[in-house]
>>> print(open('upload15.txt').read())   # compact mmCIF, C-alpha atoms
# COMPACT_ATOMS: atom_id res chain seq x y z
CA MET A 1 97.67 32.93 142.57
CA PRO A 2 97.84 36.59 143.71
CA SER A 3 95.09 38.24 145.69
CA GLN A 4 93.11 40.78 143.66
CA GLU A 5 92.57 43.00 146.73
CA ARG A 6 96.17 43.43 147.85
CA GLN A 7 97.52 46.99 147.55
CA SER A 8 101.00 47.09 146.09
CA GLY A 9 103.35 49.31 144.14
CA PHE A 10 103.26 46.61 141.47
CA LYS A 11 100.40 46.66 139.01
CA LYS A 12 99.13 43.42 137.49
CA ILE A 13 99.17 43.77 133.71
CA GLN A 14 97.79 40.39 132.68
CA SER A 15 97.33 36.77 133.74
CA PHE A 16 96.51 33.78 131.55
CA LYS A 17 96.71 30.00 131.45
CA THR A 18 98.74 28.29 128.76
CA ASP A 19 97.21 25.69 126.44
CA TYR A 20 100.39 23.65 126.08
CA ALA A 21 101.16 23.09 129.78
CA PRO A 22 99.49 23.32 133.23
CA CYS A 23 100.89 26.77 133.88
CA THR A 24 99.53 30.24 134.69
CA VAL A 25 101.58 33.25 133.59
CA THR A 26 101.17 36.59 135.39
CA GLN A 27 102.84 39.88 134.54
CA TYR A 28 103.43 42.77 136.97
CA VAL A 29 105.14 46.13 136.56
CA SER A 30 106.31 48.50 139.27
CA GLU A 31 104.62 51.87 139.07
CA ARG A 32 107.53 53.36 141.02
CA SER A 33 110.59 51.98 139.25
CA GLY A 34 109.37 50.32 136.04
CA MET A 35 110.67 46.88 137.07
CA GLN A 36 108.96 44.04 135.21
CA VAL A 37 108.00 40.78 136.95
CA ILE A 38 106.85 37.66 135.12
CA VAL A 39 105.63 34.69 137.18
CA ALA A 40 104.96 31.30 135.58
CA ASP A 41 103.13 29.25 138.21
CA ARG A 42 103.57 25.52 137.81
CA GLN A 43 103.75 22.60 140.19
CA GLY A 44 107.13 21.16 141.10
CA PRO A 45 109.75 21.03 143.85
CA LYS A 46 111.96 23.79 142.42
CA VAL A 47 111.59 27.52 141.91
CA ASN A 48 113.78 29.11 139.24
CA GLY A 49 114.51 32.81 138.87
CA TYR A 50 116.04 34.67 135.93
CA PHE A 51 116.88 38.31 136.62
CA THR A 52 117.53 39.68 133.14
CA LEU A 53 118.73 43.03 131.81
CA ALA A 54 119.18 44.30 128.25
CA THR A 55 122.93 44.94 127.99
CA GLU A 56 123.74 45.35 124.30
CA ILE A 57 126.93 47.36 123.73
CA LEU A 58 128.60 48.63 120.56
CA ASP A 59 132.23 47.86 121.35
CA ASP A 60 134.56 45.04 122.45
CA SER A 61 135.24 46.44 125.93
CA GLY A 62 133.59 43.51 127.70
CA ALA A 63 131.77 45.79 130.14
CA PRO A 64 128.63 43.57 130.21
CA HIS A 65 130.70 40.42 130.89
CA THR A 66 132.84 42.03 133.57
CA LEU A 67 129.72 43.16 135.41
CA GLU A 68 128.40 39.61 135.40
CA HIS A 69 131.45 38.66 137.49
CA LEU A 70 131.65 41.78 139.65
CA ILE A 71 128.00 41.60 140.78
CA PHE A 72 128.85 38.65 143.03
CA LEU A 73 131.57 40.55 144.93
CA GLY A 74 129.17 42.38 147.22
CA SER A 75 126.42 45.01 147.42
CA LYS A 76 125.75 48.24 149.26
CA SER A 77 124.36 46.53 152.38
CA TYR A 78 126.44 43.34 152.04
CA PRO A 79 129.92 44.39 150.78
CA TYR A 80 131.49 40.95 151.08
CA LYS A 81 132.68 38.64 148.33
CA GLY A 82 130.93 35.27 148.32
CA LEU A 83 128.30 36.22 150.89
CA LEU A 84 125.45 35.82 148.41
CA ASP A 85 126.49 32.29 147.50
CA LYS A 86 126.99 31.29 151.12
CA LEU A 87 123.56 32.56 152.13
CA SER A 88 122.03 30.89 149.10
CA SER A 89 123.50 27.51 150.01
CA ARG A 90 121.97 27.79 153.49
CA ALA A 91 118.56 28.45 151.90
CA TYR A 92 118.84 25.39 149.62
CA SER A 93 119.57 27.68 146.68
CA GLY A 94 122.11 28.02 143.90
CA THR A 95 123.20 31.07 141.90
CA ASN A 96 124.73 31.53 138.46
CA ALA A 97 124.81 33.98 135.55
CA TRP A 98 125.56 34.37 131.86
CA THR A 99 126.25 37.18 129.40
CA ALA A 100 124.78 37.12 125.90
CA THR A 101 125.06 39.70 123.13
CA ASP A 102 121.77 41.39 123.94
CA HIS A 103 121.24 40.58 127.62
CA THR A 104 122.76 39.49 130.91
CA ALA A 105 120.88 37.05 133.14
CA TYR A 106 121.41 36.19 136.80
CA THR A 107 119.87 32.95 137.97
CA LEU A 108 118.55 31.62 141.28
CA GLU A 109 117.38 28.04 141.78
CA THR A 110 115.85 26.93 145.06
CA ALA A 111 114.07 23.98 146.60
CA GLY A 112 110.72 25.61 147.31
CA TRP A 113 109.44 29.16 147.62
CA GLU A 114 110.65 29.91 151.15
CA GLY A 115 114.34 29.82 150.25
CA PHE A 116 113.72 31.80 147.06
CA SER A 117 111.84 34.47 149.01
CA GLN A 118 114.70 34.86 151.49
CA ILE A 119 117.40 35.30 148.88
CA LEU A 120 115.48 37.38 146.30
CA PRO A 121 115.92 40.90 147.83
CA LEU A 122 119.58 40.23 148.66
CA TYR A 123 120.24 39.07 145.11
CA LEU A 124 118.44 42.02 143.54
CA GLU A 125 120.48 44.42 145.67
CA HIS A 126 123.67 42.79 144.41
CA VAL A 127 122.43 43.33 140.84
CA LEU A 128 121.29 46.94 141.21
CA LEU A 129 123.65 48.23 143.93
CA PRO A 130 126.96 46.34 143.67
CA THR A 131 130.16 47.57 145.30
CA LEU A 132 132.22 47.70 142.06
CA THR A 133 135.48 48.44 143.86
CA ASP A 134 138.79 49.13 142.13
CA GLU A 135 140.23 46.07 143.87
CA GLY A 136 137.45 43.86 142.59
CA VAL A 137 138.02 45.03 139.02
CA VAL A 138 141.76 44.34 139.24
CA THR A 139 141.17 40.83 140.56
CA GLU A 140 138.29 39.81 138.31
CA VAL A 141 139.03 41.62 135.05
CA TRP A 142 142.76 42.02 134.35
CA HIS A 143 146.09 42.44 136.12
CA ILE A 144 149.73 41.38 135.84
CA ASP A 145 150.62 38.52 138.17
CA GLY A 146 153.83 38.05 140.16
CA GLU A 147 155.56 36.41 137.21
CA GLY A 148 154.74 39.18 134.77
CA ASN A 149 151.90 37.36 133.01
CA ASP A 150 148.45 38.65 132.08
CA ALA A 151 145.91 37.42 134.61
CA GLY A 152 142.35 38.00 135.81
CA VAL A 153 139.25 35.82 135.78
CA VAL A 154 137.55 37.52 132.82
CA TYR A 155 140.80 37.99 130.89
CA SER A 156 141.74 34.33 131.25
CA GLU A 157 138.27 33.29 130.12
CA MET A 158 138.45 35.43 126.97
CA GLN A 159 142.00 34.60 125.86
CA SER A 160 140.63 31.85 123.61
CA VAL A 161 139.01 34.50 121.38
CA GLU A 162 142.45 35.36 120.05
CA ASN A 163 143.99 31.88 120.23
CA ASN A 164 141.27 29.49 119.05
CA GLY A 165 140.57 28.90 115.34
CA PRO A 166 136.75 28.67 115.52
CA GLU A 167 136.61 31.75 117.76
CA ILE A 168 138.79 33.74 115.34
CA MET A 169 136.57 32.71 112.42
CA ASP A 170 133.41 33.57 114.35
CA ILE A 171 134.45 37.11 115.26
CA LYS A 172 135.72 37.73 111.70
CA ALA A 173 132.41 36.53 110.25
CA ARG A 174 130.43 38.79 112.58
CA ARG A 175 132.56 41.78 111.58
CA LEU A 176 131.63 41.09 107.96
CA LEU A 177 127.93 40.34 108.54
CA TYR A 178 126.84 43.12 110.92
CA ASN A 179 127.00 46.91 110.76
CA LYS A 180 128.65 48.99 113.48
CA ASN A 181 125.29 49.85 115.07
CA ILE A 182 124.42 46.19 115.75
CA GLY A 183 125.64 44.51 118.94
CA PHE A 184 126.19 41.13 117.29
CA ARG A 185 129.21 42.61 115.48
CA TYR A 186 131.15 42.85 118.76
CA GLU A 187 132.60 40.45 121.30
CA THR A 188 130.38 41.12 124.30
CA GLY A 189 132.67 39.07 126.54
CA GLY A 190 135.52 41.47 125.82
CA MET A 191 138.54 41.20 123.55
CA PRO A 192 141.78 40.70 125.52
CA GLY A 193 143.31 43.94 124.25
CA ALA A 194 140.23 45.90 125.30
CA LEU A 195 140.07 44.20 128.70
CA ARG A 196 143.62 45.37 129.45
CA VAL A 197 142.53 49.00 129.23
CA LEU A 198 138.99 48.66 130.64
CA THR A 199 138.76 50.87 133.73
CA ALA A 200 136.65 50.58 136.85
CA ASP A 201 135.06 53.96 136.09
CA ARG A 202 133.92 52.78 132.66
CA ILE A 203 132.37 49.65 134.19
CA ARG A 204 130.61 51.77 136.78
CA GLU A 205 129.27 54.06 134.05
CA PHE A 206 127.93 51.09 132.09
CA HIS A 207 126.23 49.80 135.25
CA LYS A 208 124.72 53.22 135.92
CA GLU A 209 123.29 53.41 132.40
CA MET A 210 121.98 49.85 132.04
CA TYR A 211 121.41 48.33 135.49
CA GLN A 212 118.24 50.23 136.30
CA PRO A 213 115.00 48.66 137.59
CA ARG A 214 113.13 49.71 134.43
CA ASN A 215 115.64 47.66 132.40
CA LEU A 216 115.24 44.63 134.68
CA CYS A 217 112.81 41.77 134.19
CA VAL A 218 112.42 39.33 137.08
CA VAL A 219 111.22 35.99 135.72
CA ILE A 220 110.09 33.38 138.27
CA ILE A 221 109.06 29.83 137.37
CA GLY A 222 107.54 27.47 139.94
CA GLU A 223 105.08 27.44 142.83
CA THR A 224 105.07 31.10 143.87
CA ASP A 225 103.39 32.92 146.74
CA HIS A 226 102.38 36.11 144.94
CA ASN A 227 101.46 38.05 148.08
CA ASP A 228 104.81 37.29 149.65
CA LEU A 229 106.58 38.12 146.39
CA LEU A 230 104.91 41.52 146.03
CA GLN A 231 105.56 42.34 149.68
CA LYS A 232 109.24 41.47 149.32
CA LEU A 233 109.54 43.55 146.16
CA ASP A 234 107.71 46.51 147.69
CA ASP A 235 110.03 46.43 150.71
CA PHE A 236 113.04 46.11 148.43
CA GLU A 237 112.02 49.11 146.36
CA ASP A 238 111.54 51.11 149.56
CA SER A 239 115.12 50.26 150.53
CA ILE A 240 116.67 51.40 147.22
CA ALA A 241 114.43 54.38 146.45
CA SER A 242 117.20 56.93 147.03
CA ASP A 243 119.74 55.00 144.94
CA ILE A 244 117.89 54.55 141.64
CA PRO A 245 117.05 57.13 138.95
CA ALA A 246 113.54 58.47 138.57
CA LEU A 247 111.38 57.06 135.79
CA SER A 248 111.35 60.52 134.19
CA THR A 249 115.12 60.49 133.51
CA PRO A 250 116.29 59.67 129.94
CA PHE A 251 117.06 56.02 129.22
CA LYS A 252 117.84 53.78 126.24
CA ARG A 253 118.55 50.05 126.06
CA GLN A 254 121.81 50.25 124.14
CA VAL A 255 125.20 51.74 124.98
CA ASP A 256 127.11 53.41 122.15
CA ASN A 257 130.81 52.93 121.47
CA TYR A 258 132.85 54.85 124.03
CA ASP A 259 135.75 55.36 121.62
>>> encode(input="upload15.txt", output="structure tokens")
Amino acid sequence: MPSQERQSGFKKIQSFKTDYAPCTVTQYVSERSGMQVIVADRQGPKVNGYFTLATEILDDSGAPHTLEHLIFLGSKSYPYKGLLDKLSSRAYSGTNAWTATDHTAYTLETAGWEGFSQILPLYLEHVLLPTLTDEGVVTEVWHIDGEGNDAGVVYSEMQSVENNGPEIMDIKARRLLYNKNIGFRYETGGMPGALRVLTADRIREFHKEMYQPRNLCVVIIGETDHNDLLQKLDDFEDSIASDIPALSTPFKRQVDNYD
């Protein structure tokens, strides 16, 4: 459990024990950036992290899904594809991610706290300060291959939306059920036609609007050293202070249709 006397940029909001399991839940918030941290202390060999952002969007561009892929191509201090995964494997860790209609989550699973602590600031920098290069977008999102075919990791993944019966029925049903101001109406993974015209600048703009510390919740489950965690997060916020918007700048957790 965290020390009550430790001075940190993160303020403890609450801490309580659950009735249904031997677990203590503690909530922190950064007074500098607005980042939320939820720690669920429980005994076990693994520590799991879920770094989650609200990423609802009112179009089929696929910007949230493309970012999920592009985040792993490098960050400001570590601009190398695959470096995060390689470092994670050396720290007995594994990374993954998913995109849902209303949020995007990046995951970290480690054997013990030490490995988690080593990877955490590197991972958070990838999330908040990715490289987002033009080359990365071409490779991961959409391009024409040497044989004249549509290609790209995200594009190939989403082709089934237009070619699979259940997927076609699902998107049609959502168009009928939800109004235009509700994210569930749209294909958050990106419709193939929209992915073909999605630009790197538009992806960067979506990241700028949504990937802010005050829209990020760091959820950690497992045996956690709170003092070490807060120290790592304080140091991390010091390192990105000049790259993130001030808490006083306008912000909303939904991106309107760009069209």
>>> closest_residue(input="upload15.txt", among="A:Val218, A:Leu229, A:Lys208, A:Thr101", to="Leu58 of chain A", atoms="all atoms listed in the file")
A:Thr101
>>> closest_residue(input="upload15.txt", among="A:Ala111, A:Leu124, A:Leu83, A:Ile168", to="Asn48 of chain A", atoms="only C-alpha atoms")
A:Ala111
>>> atom_distance(input="upload15.txt", atom1="atom CA of Ser77 of chain A", atom2="atom CA of Pro121 of chain A")
11.1 Å
>>> residues_around(input="upload15.txt", residues="Met191 of chain A", least_positions_apart="4", cutoff="8 Å", atoms="only C-alpha atoms", output="list in words")
Asp60, Ser61, Gly62, Met158, Gln159, Val161, Glu162, Glu187 and Leu195 of chain A
>>> residues_around(input="upload15.txt", residues="Val25 of chain A", least_positions_apart="4", cutoff="7 Å", atoms="only C-alpha atoms", output="JSON, numbers by chain")
{"A": [15, 16, 17, 39, 40, 41]}
>>> closest_atom_pairs(input="upload15.txt", of="segment 12-79 of chain A", to="segment 233-238 of chain A", cutoff="10 Å", atoms="all atoms listed in the file", output="CSV")
residue,atom,partner,partner_atom,distance
A:Ser30,CA,A:Asp234,CA,8.8
A:Arg32,CA,A:Glu237,CA,8.2
A:Ser33,CA,A:Glu237,CA,7.8
A:Met35,CA,A:Glu237,CA,9.6
A:Val37,CA,A:Leu233,CA,9.7
>>> axis_aligned_box(input="upload15.txt", around="segment 157-171 of chain A", padding_each_side="3 Å", output="AutoDock Vina command-line options")
--center_x 138.7 --center_y 32.9 --center_z 121.3 --size_x 16.6 --size_y 14.4 --size_z 23.7
>>> closest_residue(input="upload15.txt", among="A:Thr110, A:Asn149, A:Ser93, A:Ser75", to="Thr131 of chain A", atoms="all atoms listed in the file")
A:Ser75
>>> closest_residue(input="upload15.txt", among="A:Pro213, A:Gly44, A:Gly9, A:Gly74", to="Leu122 of chain A", atoms="only C-alpha atoms")
A:Gly74
>>> closest_residue(input="upload15.txt", among="A:Val29, A:Phe116, A:Thr99, A:Leu70", to="Val137 of chain A", atoms="all atoms listed in the file")
A:Leu70
>>> closest_residue(input="upload15.txt", among="A:Phe10, A:Glu31, A:Val255, A:Gly146", to="Asn181 of chain A", atoms="only C-alpha atoms")
A:Val255
>>> residues_around(input="upload15.txt", residues="Glu135 of chain A", least_positions_apart="6", cutoff="12 Å", atoms="only C-alpha atoms", output="mmCIF file with C-alpha atoms, keeping the file's coordinate frame")
data_model
loop_
_atom_site.group_PDB
_atom_site.id
_atom_site.type_symbol
_atom_site.label_atom_id
_atom_site.label_comp_id
_atom_site.auth_asym_id
_atom_site.auth_seq_id
_atom_site.Cartn_x
_atom_site.Cartn_y
_atom_site.Cartn_z
ATOM 1 C CA LEU A 70 131.650 41.780 139.650
ATOM 2 C CA LEU A 73 131.570 40.550 144.930
ATOM 3 C CA LYS A 81 132.680 38.640 148.330
ATOM 4 C CA VAL A 141 139.030 41.620 135.050
ATOM 5 C CA TRP A 142 142.760 42.020 134.350
ATOM 6 C CA HIS A 143 146.090 42.440 136.120
ATOM 7 C CA GLY A 152 142.350 38.000 135.810
ATOM 8 C CA THR A 199 138.760 50.870 133.730
ATOM 9 C CA ALA A 200 136.650 50.580 136.850
#
>>> atom_distance(input="upload15.txt", atom1="atom CA of Asn163 of chain A", atom2="atom CA of Arg204 of chain A")
29.1 Å
>>> residues_around(input="upload15.txt", residues="Ser88 of chain A", least_positions_apart="6", cutoff="9 Å", atoms="all atoms listed in the file", output="ChimeraX atom specification")
/A:94-95,108,110,115-116,118-119
>>> atom_distance(input="upload15.txt", atom1="atom CA of Lys180 of chain A", atom2="atom CA of Glu209 of chain A")
20.2 Å
>>> residues_around(input="upload15.txt", residues="Arg42 of chain A", least_positions_apart="5", cutoff="8 Å", atoms="all atoms listed in the file", output="list in words")
Pro22, Cys23, Thr24, Ile221, Gly222 and Glu223 of chain A
